[in-house]
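Source file protein_12.txt; content: compact mmCIF, C-alpha atoms.
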```
# COMPACT_ATOMS: atom_id res chain seq x y z
CA MET E 20 67.02 88.12 63.99
CA THR E 21 69.47 87.30 66.74
CA GLU E 22 72.28 87.40 64.18
CA PHE E 23 71.36 90.94 63.14
CA LEU E 24 71.06 92.06 66.75
CA LYS E 25 74.43 90.52 67.57
CA GLY E 26 76.12 92.09 64.56
CA GLY E 27 74.61 95.47 65.36
CA LEU E 28 75.77 95.27 68.98
CA ILE E 29 79.31 94.30 67.97
CA LEU E 30 79.55 97.05 65.37
CA ALA E 31 78.10 99.69 67.70
CA GLY E 32 80.48 98.66 70.46
CA SER E 33 83.55 98.81 68.26
CA ILE E 34 82.49 102.18 66.85
CA PHE E 35 82.08 103.57 70.36
CA MET E 36 85.58 102.33 71.14
CA LEU E 37 86.90 104.07 68.03
CA VAL E 38 85.18 107.28 69.19
CA ALA E 39 86.85 106.91 72.60
CA ALA E 40 90.25 106.45 70.94
CA LEU E 41 89.68 109.49 68.71
CA GLY E 42 88.73 111.50 71.79
CA VAL E 43 91.82 110.47 73.71
CA LEU E 44 93.94 111.42 70.72
CA ARG E 45 92.33 114.71 69.78
CA LEU E 46 91.04 116.37 72.97
CA PRO E 47 93.25 119.03 74.52
CA ASP E 48 93.81 118.20 78.19
CA LEU E 49 93.68 115.44 80.80
CA LEU E 50 90.16 115.94 82.10
CA THR E 51 88.54 116.17 78.67
CA ARG E 52 90.45 113.06 77.57
CA MET E 53 89.15 111.23 80.61
CA HIS E 54 85.65 112.39 79.76
CA ALA E 55 86.03 110.68 76.39
CA THR E 56 87.58 107.43 77.58
CA THR E 57 85.43 106.68 80.61
CA LYS E 58 82.00 106.93 79.08
CA ALA E 59 82.55 105.82 75.49
CA ALA E 60 84.82 102.88 76.32
CA THR E 61 82.49 101.67 79.08
CA LEU E 62 79.55 101.76 76.69
CA GLY E 63 81.55 99.98 74.00
CA ALA E 64 82.63 97.14 76.28
CA THR E 65 79.08 96.87 77.61
CA LEU E 66 77.60 96.50 74.12
CA ILE E 67 80.16 93.86 73.12
CA MET E 68 79.55 91.89 76.30
CA LEU E 69 75.80 92.02 75.59
CA ALA E 70 76.56 90.54 72.18
CA VAL E 71 78.59 87.77 73.86
CA ALA E 72 75.66 87.01 76.19
CA LEU E 73 73.31 86.83 73.18
CA HIS E 74 75.68 84.59 71.24
CA PHE E 75 76.26 81.95 73.91
CA ALA E 76 72.79 81.93 75.61
CA GLN E 77 73.90 79.68 78.48
CA VAL E 78 73.34 80.64 82.08
CA ALA E 79 77.00 80.46 83.14
CA VAL E 80 78.25 82.55 80.20
CA VAL E 81 75.49 85.15 80.51
CA ALA E 82 76.22 85.49 84.22
CA ARG E 83 79.91 86.01 83.49
CA ALA E 84 79.17 88.55 80.75
CA PHE E 85 76.92 90.51 83.09
CA GLY E 86 79.64 90.21 85.71
CA VAL E 87 82.08 91.89 83.33
CA ILE E 88 79.53 94.64 82.57
CA LEU E 89 78.84 95.25 86.26
CA PHE E 90 82.55 95.29 87.09
CA ILE E 91 83.41 97.75 84.31
CA MET E 92 80.50 100.03 85.22
CA MET E 93 81.54 100.04 88.88
CA THR E 94 85.27 100.51 88.42
CA ALA E 95 85.46 102.99 85.52
CA PRO E 96 84.10 106.00 87.48
CA VAL E 97 86.26 105.18 90.49
CA ALA E 98 89.40 104.89 88.36
CA ALA E 99 88.57 108.11 86.50
CA HIS E 100 87.99 109.99 89.74
CA VAL E 101 91.23 108.75 91.28
CA ILE E 102 93.41 109.50 88.27
CA GLY E 103 91.76 112.89 87.69
CA ARG E 104 92.38 113.84 91.30
CA ALA E 105 95.99 112.71 91.12
CA GLY E 106 96.48 114.57 87.83
CA TYR E 107 95.08 117.80 89.28
CA PHE E 108 97.29 117.55 92.34
CA VAL E 109 100.37 116.75 90.26
CA GLY E 110 99.64 119.93 88.34
CA SER E 111 98.74 118.89 84.83
CA ARG E 112 97.79 122.00 82.90
CA LEU E 113 94.18 122.63 81.98
CA TRP E 114 93.12 123.63 78.49
CA SER E 115 93.56 127.34 77.73
CA GLY E 116 89.83 127.63 76.96
CA THR E 117 88.75 126.35 80.37
CA LEU E 118 85.98 128.61 81.67
CA LYS E 119 85.70 127.56 85.30
CA ASP E 120 88.12 125.99 87.75
CA GLU E 121 86.33 126.12 91.08
CA LEU E 122 89.09 124.33 92.93
CA LYS E 123 91.77 126.86 92.05
CA PRO E 124 90.97 129.76 94.46
CA ASN E 125 90.25 127.38 97.35
CA TYR E 126 93.03 124.84 97.09
CA ASP E 127 96.54 125.49 98.35
CA PRO E 128 98.98 123.26 96.45
CA LEU E 129 101.80 123.81 98.94
CA THR E 130 99.99 122.66 102.08
CA HIS E 131 97.59 120.31 100.23
CA GLN E 132 94.63 121.89 102.04
CA LEU E 133 91.20 122.74 100.71
CA LYS E 134 89.18 125.58 102.25
CA SER E 135 85.54 126.34 101.72
CA HIS E 136 84.61 129.30 99.56
CA ARG E 137 83.23 131.41 102.42
CA GLU E 138 86.36 130.86 104.48
CA THR E 139 88.77 132.04 101.81
CA GLU E 140 86.62 135.07 100.93
CA ALA E 141 86.49 136.13 104.58
CA ASN E 142 90.23 135.65 104.85
CA ALA E 143 90.83 137.78 101.79
CA ALA E 144 88.53 140.61 102.98
CA ARG E 145 89.44 140.80 106.69
CA PRO E 146 92.69 139.03 107.47
CA GLN E 147 92.83 139.94 111.21
CA CYS E 148 89.19 139.24 112.04
CA ASP E 149 89.70 135.54 112.76
CA SER E 150 92.51 136.15 115.25
CA ASP E 151 90.34 138.68 117.13
CA ASP E 152 87.62 136.07 117.48
CA ALA E 153 90.07 133.45 118.63
CA SER E 154 91.63 135.61 121.34
CA MET W 10 78.57 87.30 60.54
CA SER W 11 82.28 86.73 59.92
CA ASN W 12 82.42 89.93 57.89
CA VAL W 13 80.95 91.86 60.81
CA ILE W 14 83.51 90.30 63.15
CA LEU W 15 86.38 91.15 60.80
CA LEU W 16 85.14 94.72 60.41
CA SER W 17 84.78 95.23 64.15
CA LEU W 18 88.23 93.76 64.78
CA ALA W 19 89.68 96.15 62.19
CA VAL W 20 87.92 99.13 63.80
CA MET W 21 89.17 98.16 67.24
CA SER W 22 92.72 97.68 65.91
CA LEU W 23 92.55 101.20 64.50
CA ALA W 24 91.38 102.40 67.91
CA LEU W 25 94.32 100.61 69.56
CA CYS W 26 96.72 102.34 67.15
CA LEU W 27 95.23 105.77 67.97
CA VAL W 28 95.51 105.09 71.70
CA PHE W 29 99.10 104.00 71.21
CA VAL W 30 99.89 107.34 69.56
CA ARG W 31 98.56 109.12 72.66
CA LEU W 32 100.50 106.70 74.89
CA TYR W 33 103.69 107.65 73.03
CA ARG W 34 103.05 111.37 72.83
CA GLY W 35 101.26 111.97 76.14
CA PRO W 36 102.79 115.05 77.71
CA SER W 37 102.47 113.84 81.30
CA LEU W 38 102.16 110.60 83.24
CA PRO W 39 98.39 110.92 83.98
CA ASP W 40 97.71 111.17 80.23
CA ARG W 41 99.61 107.94 79.70
CA VAL W 42 97.71 106.25 82.51
CA VAL W 43 94.40 107.28 80.93
CA ALA W 44 95.61 105.92 77.59
CA LEU W 45 96.61 102.62 79.22
CA GLU W 46 93.20 102.28 80.83
CA LEU W 47 91.48 102.86 77.50
CA PHE W 48 93.89 100.36 75.90
CA SER W 49 92.84 97.64 78.32
CA SER W 50 89.14 98.31 78.00
CA ILE W 51 89.42 98.14 74.19
CA LEU W 52 91.27 94.86 74.76
CA VAL W 53 88.29 93.59 76.79
CA GLY W 54 86.14 94.28 73.72
CA VAL W 55 88.60 92.50 71.42
CA ILE W 56 88.59 89.47 73.73
CA GLY W 57 84.78 89.44 73.69
CA VAL W 58 84.67 89.53 69.88
CA ILE W 59 87.27 86.74 69.67
CA ALA W 60 85.20 84.67 72.13
CA ILE W 61 82.26 85.05 69.75
CA ALA W 62 84.36 84.25 66.68
CA THR W 63 85.94 81.10 68.11
CA ASP W 64 82.98 79.87 70.23
CA VAL W 65 85.15 79.58 73.33
CA PRO W 66 83.26 80.94 76.35
CA SER W 67 86.27 80.49 78.65
CA LEU W 68 87.79 83.61 77.08
CA LEU W 69 85.37 85.66 79.19
CA ASP W 70 87.51 84.84 82.23
CA VAL W 71 90.42 86.47 80.44
CA ALA W 72 88.27 89.57 79.91
CA ILE W 73 87.38 89.67 83.62
CA VAL W 74 91.05 89.42 84.61
CA MET W 75 91.97 92.11 82.07
CA ALA W 76 89.42 94.56 83.49
CA LEU W 77 90.58 93.78 87.04
CA MET W 78 94.23 94.35 86.16
CA ALA W 79 93.44 97.66 84.46
CA PHE W 80 91.59 98.93 87.52
CA MET W 81 94.38 97.86 89.87
CA ALA W 82 97.04 99.46 87.64
CA THR W 83 95.13 102.74 87.53
CA ILE W 84 94.70 102.84 91.30
CA GLY W 85 98.37 102.01 91.76
CA PHE W 86 99.52 104.73 89.39
CA ALA W 87 97.27 107.27 91.09
CA ARG W 88 98.65 106.38 94.51
CA PHE W 89 102.16 106.63 93.07
CA LEU W 90 101.42 110.05 91.58
CA GLU W 91 100.09 111.38 94.87
CA ARG W 92 103.08 109.83 96.67
CA GLY W 93 100.84 107.84 98.96
CA GLY W 94 98.48 110.73 99.50
CA PRO W 95 97.70 112.53 102.75
CA ARG W 96 97.40 110.28 105.78
CA ASP W 97 96.76 111.07 109.40
CA ASP W 98 97.13 107.76 111.21
```

Full structure transcribed into structure tokens:
Amino acid sequence: MTEFLKGGLILAGSIFMLVAALGVLRLPDLLTRMHATTKAATLGATLIMLAVALHFAQVAVVARAFGVILFIMMTAPVAAHVIGRAGYFVGSRLWSGTLKDELKPNYDPLTHQLKSHRETEANAARPQCDSDDAS
Amino acid sequence: MSNVILLSLAVMSLALCLVFVRLYRGPSLPDRVVALELFSSILVGVIGVIAIATDVPSLLDVAIVMALMAFMATIGFARFLERGGPRDD
């Protein structure tokens, strides 16, 4: 029983990793590639570490396996956020079929400043209104 | 059981090859960093399967160090890409 469970976990984990690799090879731009790698690779490593914990069934090994799972689950979103942010600021091109880029009208790449939506809309409609209020 | 281990190792080697293609072709540096991160997390899986196959539980420490190094490398590359990022101190 445990053997079957272990084999199933190992196979499922490696197949999720293959799916992540296919996604990083086939998807069209940086953010979609990150969407493939972060989730599928985290799940694959988690399943394989669960299989390791089942195989060794000692307290020290199970604690270390769960430590690996916890570490991967905590660091993968942080790493994906940081590299996605850096990639957007560096100016990697989005896919041509992208429907919505909410950062684009509000972010100024020259001054590295982000304005709220209301602020930019008011600036576009009445450019001298703010200076009247300030004076 | 050994057949399952061999099959999963073969599947993960194929995955490593596919990631290496993206690492070679990647049009920009962030794509390559993403590919490197995926490479190391597939390597964590390979180390786990080898720990099962050889009955050596100490290999889990190698997996922990591998995950830690991948995270540090990603953070470092991101800081490098943003040129230190905005600071106001």

Practice task
Between E:Leu44, E:Leu37, E:Tyr126, E:Met53, single out the one closest to E:Val97, counting only C-alpha atoms.
Solution key: E:Met53

Exercise for the section: Provide as a PyMOL selection string the residues of chain W at most 9 Å from chain E, counting all atoms listed in the file. Expected result: chain W and resi 10+13-14+16-18+20-28+30-31+37-40+42-44+46-48+50-51+53-55+57-58+60-61+64+66-67+69-70+72-73+76-77+80-81+83-84+86-91+94-95

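One distance worth recording is that between atom CA of E:Leu129 and atom CA of W:Gly35, which is 25.7 Å.
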
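Note that the spacing between atom CA of W:Ala82 and atom CA of E:Met92 amounts to 16.7 Å.
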
Completion exercise
From atom CA of W:Leu32 to atom CA of E:Gly116 the spacing works out at 23.6 Å

Per-axis box centre and lengths in Å around stretch 39-47 of chain W, 5 Å margin per side, axis-aligned, as AutoDock Vina command-line options:
```
--center_x 95.5 --center_y 106.7 --center_z 80.7 --size_x 18.1 --size_y 18.9 --size_z 16.5
```

Where atoms are absent from stretch 25-36 of chain W, fill them in so it carries N, CA and C atoms, then output it as a tab-separated table (two decimals), in the frame of the given file.
```
chain	number	residue	atom	x	y	z
W	25	LEU	N	93.11	100.91	68.78
W	25	LEU	CA	94.32	100.61	69.56
W	25	LEU	C	95.51	101.41	69.04
W	26	CYS	N	95.62	101.56	67.71
W	26	CYS	CA	96.72	102.34	67.15
W	26	CYS	C	96.62	103.80	67.60
W	27	LEU	N	95.39	104.37	67.56
W	27	LEU	CA	95.23	105.77	67.97
W	27	LEU	C	95.60	105.95	69.44
W	28	VAL	N	95.17	104.99	70.28
W	28	VAL	CA	95.51	105.09	71.70
W	28	VAL	C	97.01	104.98	71.90
W	29	PHE	N	97.65	104.15	71.06
W	29	PHE	CA	99.10	104.00	71.21
W	29	PHE	C	99.83	105.29	70.86
W	30	VAL	N	99.29	106.03	69.87
W	30	VAL	CA	99.89	107.34	69.56
W	30	VAL	C	99.84	108.25	70.78
W	31	ARG	N	98.67	108.26	71.47
W	31	ARG	CA	98.56	109.12	72.66
W	31	ARG	C	99.49	108.61	73.76
W	32	LEU	N	99.62	107.28	73.86
W	32	LEU	CA	100.50	106.70	74.89
W	32	LEU	C	101.95	107.12	74.64
W	33	TYR	N	102.32	107.25	73.35
W	33	TYR	CA	103.69	107.65	73.03
W	33	TYR	C	103.88	109.14	73.24
W	34	ARG	N	102.87	109.93	72.83
W	34	ARG	CA	103.05	111.37	72.83
W	34	ARG	C	102.71	112.04	74.14
W	35	GLY	N	101.90	111.35	74.98
W	35	GLY	CA	101.26	111.97	76.14
W	35	GLY	C	102.18	112.87	76.92
W	36	PRO	N	101.83	114.13	77.11
W	36	PRO	CA	102.79	115.05	77.71
W	36	PRO	C	103.09	114.74	79.17
```
